[in-house]
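Engineer: Sharing protein.cif here; it has mmCIF, C-alpha atoms.
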data_run
loop_
_atom_site.label_atom_id
_atom_site.label_comp_id
_atom_site.auth_asym_id
_atom_site.auth_seq_id
_atom_site.Cartn_x
_atom_site.Cartn_y
_atom_site.Cartn_z
CA MET E 262 -0.75 -0.57 12.81
CA ILE E 263 -1.85 -3.48 10.64
CA CYS E 264 -2.48 -2.92 6.92
CA ALA E 265 -5.78 -4.79 6.78
CA ASP E 266 -9.40 -4.00 6.02
CA ARG E 267 -10.58 -7.52 6.95
CA PHE E 268 -9.87 -10.33 9.39
CA THR E 269 -10.85 -13.99 9.63
CA PRO E 270 -13.44 -14.46 12.43
CA VAL E 271 -13.14 -17.58 14.58
CA ASN E 272 -15.50 -19.83 16.53
CA LYS E 273 -15.40 -20.41 20.29
CA VAL E 274 -12.36 -22.71 19.99
CA LEU E 275 -10.50 -20.19 17.79
CA ILE E 276 -10.92 -22.04 14.47
CA PRO E 277 -11.68 -19.71 11.52
CA ILE E 278 -15.29 -19.98 10.31
CA GLY E 279 -14.42 -19.24 6.67
CA GLU E 280 -15.51 -15.61 6.51
CA LEU E 281 -13.52 -12.48 5.69
CA ALA E 282 -15.07 -9.84 7.96
CA SER E 283 -14.59 -6.09 7.75
CA VAL E 284 -12.64 -4.40 10.53
CA GLU E 285 -14.64 -1.19 9.97
CA GLY E 286 -16.23 0.04 13.20
CA THR E 287 -14.80 -2.84 15.25
CA PRO E 288 -11.96 -3.21 17.76
CA MET E 289 -10.15 -5.17 15.02
CA ALA E 290 -9.37 -1.97 13.06
CA PHE E 291 -5.67 -1.13 13.24
CA ARG E 292 -5.33 0.60 9.84
CA SER E 293 -3.79 3.58 11.60
CA PRO E 294 -1.62 3.47 14.74
CA THR E 295 -3.84 2.50 17.67
CA LEU E 296 -3.06 1.64 21.28
CA ILE E 297 -3.39 -2.14 21.58
CA GLY E 298 -5.05 -1.96 25.00
CA LYS E 299 -7.52 0.76 24.02
CA ARG E 300 -10.24 -1.65 22.81
CA VAL E 301 -8.99 -5.11 23.85
CA ASP E 302 -11.71 -5.47 26.49
CA ASP E 303 -14.56 -4.12 24.34
CA ASP E 304 -17.81 -6.07 24.25
CA PHE E 305 -17.09 -7.81 20.93
CA GLU E 306 -17.70 -11.50 20.36
CA GLN E 307 -14.37 -12.12 18.61
CA LEU E 308 -12.42 -10.59 21.51
CA ALA E 309 -14.40 -12.73 23.96
CA TYR E 310 -13.54 -15.90 22.01
CA GLY E 311 -9.81 -15.07 21.98
CA HIS E 312 -9.75 -13.47 25.44
CA GLY E 313 -8.32 -10.54 23.48
CA TYR E 314 -6.48 -10.45 20.18
CA ASP E 315 -5.63 -13.86 18.72
CA HIS E 316 -6.73 -13.53 15.12
CA ASN E 317 -5.55 -13.49 11.54
CA TRP E 318 -5.78 -10.22 9.61
CA VAL E 319 -6.24 -10.25 5.82
CA LEU E 320 -3.44 -8.02 4.61
CA LYS E 321 -4.24 -5.25 2.17
CA ARG E 322 -1.44 -5.88 -0.27
CA LYS E 323 -0.35 -3.83 -3.26
CA THR E 324 1.14 -6.88 -5.02
CA GLU E 325 0.36 -10.58 -4.90
CA LYS E 326 3.79 -11.82 -3.81
CA GLY E 327 6.06 -8.81 -3.29
CA LEU E 328 7.73 -7.94 0.01
CA GLU E 329 5.57 -5.24 1.62
CA LEU E 330 5.32 -3.34 4.90
CA VAL E 331 2.26 -4.78 6.65
CA ALA E 332 2.52 -3.82 10.34
CA THR E 333 4.30 -1.49 12.74
CA VAL E 334 4.64 -1.36 16.51
CA TYR E 335 5.86 1.66 18.47
CA GLU E 336 6.49 1.88 22.21
CA PRO E 337 6.75 5.59 23.06
CA THR E 338 8.38 5.29 26.51
CA SER E 339 11.49 3.53 25.21
CA GLY E 340 11.17 4.69 21.60
CA ARG E 341 11.38 1.11 20.33
CA TYR E 342 9.93 0.68 16.86
CA MET E 343 9.31 -2.43 14.78
CA GLU E 344 8.25 -2.92 11.18
CA VAL E 345 6.94 -6.20 9.77
CA TRP E 346 7.45 -6.88 6.06
CA THR E 347 6.14 -9.99 4.31
CA THR E 348 5.18 -11.74 1.11
CA GLU E 349 2.33 -13.60 2.88
CA PRO E 350 -1.42 -12.77 2.62
CA GLY E 351 -2.10 -12.74 6.38
CA ILE E 352 -0.74 -11.89 9.79
CA GLN E 353 -1.70 -13.42 13.13
CA PHE E 354 -1.71 -10.92 15.99
CA TYR E 355 -1.57 -12.57 19.40
CA GLY E 356 -1.66 -10.36 22.47
CA GLY E 357 -0.47 -12.71 25.24
CA ASN E 358 -4.03 -13.42 26.38
CA PHE E 359 -3.36 -16.93 27.65
CA PHE E 360 -0.24 -16.15 29.66
CA ASP E 361 -0.93 -16.19 33.38
CA GLY E 362 2.52 -15.79 34.94
CA SER E 363 3.08 -19.51 35.45
CA MET E 364 5.54 -19.84 32.54
CA ILE E 365 9.04 -18.58 33.19
CA GLY E 366 11.32 -17.36 30.43
CA LYS E 367 14.84 -16.04 30.14
CA GLN E 368 16.42 -14.54 33.26
CA GLY E 369 13.53 -15.85 35.38
CA LYS E 370 10.97 -13.48 33.85
CA HIS E 371 7.35 -14.59 34.19
CA TYR E 372 5.13 -14.49 31.10
CA ASN E 373 2.26 -12.47 32.51
CA HIS E 374 -1.14 -11.77 31.00
CA ARG E 375 -0.94 -9.46 27.97
CA VAL E 376 2.60 -8.21 28.58
CA SER E 377 3.76 -9.27 25.13
CA LEU E 378 2.60 -9.63 21.56
CA ALA E 379 3.38 -11.69 18.50
CA LEU E 380 2.94 -10.77 14.85
CA GLU E 381 3.26 -13.90 12.71
CA THR E 382 3.02 -13.63 8.92
CA GLN E 383 1.21 -16.56 7.33
CA HIS E 384 -1.44 -17.98 5.09
CA PHE E 385 -4.79 -17.98 6.85
CA PRO E 386 -5.32 -20.63 9.55
CA ASP E 387 -7.39 -23.61 8.37
CA SER E 388 -6.88 -22.60 4.71
CA PRO E 389 -7.19 -26.16 3.35
CA ASN E 390 -10.74 -26.34 4.75
CA GLN E 391 -11.92 -22.84 3.79
CA LEU E 392 -12.76 -22.17 0.14
CA ALA E 393 -12.74 -18.37 0.59
CA PHE E 394 -9.13 -18.42 1.83
CA PRO E 395 -6.02 -18.33 -0.40
CA SER E 396 -4.92 -21.82 -1.38
CA THR E 397 -2.08 -23.53 0.44
CA LEU E 398 -1.97 -26.43 -2.02
CA LEU E 399 1.58 -27.34 -2.97
CA MET E 400 1.86 -29.69 -5.94
CA PRO E 401 4.75 -32.14 -6.49
CA GLY E 402 7.75 -30.28 -7.86
CA GLU E 403 6.51 -26.88 -6.66
CA GLN E 404 8.48 -24.91 -4.10
CA TYR E 405 7.01 -22.96 -1.20
CA LYS E 406 8.88 -19.82 -0.27
CA HIS E 407 7.96 -16.77 1.72
CA VAL E 408 9.85 -13.91 3.27
CA CYS E 409 9.22 -12.17 6.57
CA VAL E 410 11.45 -9.33 7.76
CA TYR E 411 11.30 -7.73 11.20
CA LYS E 412 13.07 -4.37 11.28
CA PHE E 413 13.85 -2.83 14.66
CA GLY E 414 14.89 0.68 15.56
CA VAL E 415 14.25 3.61 17.89
CA LYS E 416 12.40 6.86 17.29
#
Let's see the structure in the file written out as structure tokens.

Structural biologist:
Amino acid sequence: MICADRFTPVNKVLIPIGELASVEGTPMAFRSPTLIGKRVDDDFEQLAYGHGYDHNWVLKRKTEKGLELVATVYEPTSGRYMEVWTTEPGIQFYGGNFFDGSMIGKQGKHYNHRVSLALETQHFPDSPNQLAFPSTLLMPGEQYKHVCVYKFGVK
């Protein structure tokens, strides 16, 4: 689940085009718990560009800077559960689309296609070049601070 009504569409090289598009009626809608693989191969231009999910979602926040629950992941076989809390306006969801098994991680495990995911809280990619995106301008003397909390458990 991702608390977002919009996402930032990208071009063919995965650079945001400056729009905030609705997730309504698209495979980008995760407002309620949805199986990640259910629509990942749908005929949808944005999924074709990313070879799956590799996009920024515009978080539907209740406050401007408060720490809020913005995403959850549940794996029913093991019961593993994760919550993502953040003060940021966006979250990048990457579904392991570019892994092909050639990279090897801990304990000799191969990073295979779509066997993992990442949820990275952030300002929107390419924000300095996109007027519709929240500003990332940091003036002299200002401090940048954000909080991201990953909570893990079992259900």

Engineer: Would you compute the box with edges along x, y and z of the file around region 311-330 of chain E, including every atom the file lists for it and 5 Å extra on each side, and give its centre and edge lengths in Å to one decimal, as JSON?

Structural biologist:
{"center_x": -1.0, "center_y": -9.2, "center_z": 10.2, "size_x": 27.5, "size_y": 21.7, "size_z": 40.5}

Engineer: Do you know which residues are at most 12 Å from Thr295 (chain E) counting all atoms listed in the file, after dropping those on the same chain fewer than 2 positions away, and could you put them as a PDB file with C-alpha atoms, in the frame of the given file?

Structural biologist:
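Okay, this is what ended up in selection.pdb:
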ATOM      1  CA  MET E 262      -0.750  -0.570  12.810  1.00  0.00           C
ATOM      2  CA  ILE E 263      -1.850  -3.480  10.640  1.00  0.00           C
ATOM      3  CA  PRO E 288     -11.960  -3.210  17.760  1.00  0.00           C
ATOM      4  CA  MET E 289     -10.150  -5.170  15.020  1.00  0.00           C
ATOM      5  CA  ALA E 290      -9.370  -1.970  13.060  1.00  0.00           C
ATOM      6  CA  PHE E 291      -5.670  -1.130  13.240  1.00  0.00           C
ATOM      7  CA  ARG E 292      -5.330   0.600   9.840  1.00  0.00           C
ATOM      8  CA  SER E 293      -3.790   3.580  11.600  1.00  0.00           C
ATOM      9  CA  ILE E 297      -3.390  -2.140  21.580  1.00  0.00           C
ATOM     10  CA  GLY E 298      -5.050  -1.960  25.000  1.00  0.00           C
ATOM     11  CA  LYS E 299      -7.520   0.760  24.020  1.00  0.00           C
ATOM     12  CA  ARG E 300     -10.240  -1.650  22.810  1.00  0.00           C
ATOM     13  CA  VAL E 301      -8.990  -5.110  23.850  1.00  0.00           C
ATOM     14  CA  ALA E 332       2.520  -3.820  10.340  1.00  0.00           C
ATOM     15  CA  THR E 333       4.300  -1.490  12.740  1.00  0.00           C
ATOM     16  CA  VAL E 334       4.640  -1.360  16.510  1.00  0.00           C
ATOM     17  CA  TYR E 335       5.860   1.660  18.470  1.00  0.00           C
ATOM     18  CA  GLU E 336       6.490   1.880  22.210  1.00  0.00           C
TER      19      GLU E 336
END

Engineer: Using the chain letters and numbers from the file, give me the residues hit by the PyMOL selection byres ((chain E and resi 415) around 12), as number ranges by chain.

Structural biologist: E: 334-344, 412-414, 416

Engineer: Please indicate the distance in Å from CA of Leu320 (chain E) to CA of Thr382 (chain E), rounded to one decimal place.

Structural biologist: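 Between CA of Leu320 (chain E) and CA of Thr382 (chain E) the gap works out to 9.6 Å.
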
Engineer: Leaving out Ala282 (chain E) and any residue of its chain fewer than 6 positions from it, which residues lie within 7 Å of it when counting only C-alpha atoms, given as JSON, numbers by chain?

Structural biologist: {"E": [267, 268, 269, 270]}

Engineer: Considering only C-alpha atoms, return as a ChimeraX atom specification whatever protein or nucleic-acid residues lie within 6 Å of His371 (chain E), sequence-local ones (same chain, fewer than 4 positions apart) excluded.

Structural biologist: /E:362,364-365

Engineer: Calculate how many Å separate CA of Ile352 (chain E) from CA of Glu285 (chain E), rounding to one decimal.

Structural biologist: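 According to the coordinates, CA of Ile352 (chain E) and CA of Glu285 (chain E) are separated by 17.5 Å.
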
Engineer: List as an MDAnalysis selection string the protein and nucleic acid residues near Glu325 (chain E), meaning an atom at most 10 Å away when only C-alpha atoms are counted, but skip any in the same chain fewer than 2 places from it.

Structural biologist: chainID E and resid 321:323 327:329 348:350

Engineer: How far is it from CA of Tyr355 (chain E) to CA of Leu378 (chain E), in Å with one decimal?

Structural biologist: 5.5 Å

Engineer: Apply the PyMOL selection byres ((chain E and resi 388-391) around 12) to the file shown and report the selected residues as a list in words.

Structural biologist: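 Those residues are Thr269, Ile276, Pro277, Ile278, Gly279, Glu280, Leu281, Asn317, Pro350, Gly351, Gln383, His384, Phe385, Pro386, Asp387, Leu392, Ala393, Phe394, Pro395, Ser396, Thr397, Leu398 and Leu399 of chain E.
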
Engineer: What do you get, as number ranges by chain, if you spell out every residue that the PyMOL selection byres ((chain E and resi 375) around 9) selects here?

Structural biologist: E: 313, 356-361, 372-374, 376-378

Engineer: So which one's closest to Leu330 (chain E), E:Val271, E:Ala265, E:Gln404, E:Phe305? Using all atoms listed in the file, please.

Structural biologist: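 With all atoms listed in the file as the atom set, the closest residue is E:Ala265.
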
Engineer: When you count only C-alpha atoms, which of these residues is closest to Asp304 (chain E): E:Cys264, E:Thr287, E:Ala379, E:Phe354?

Structural biologist: E:Thr287
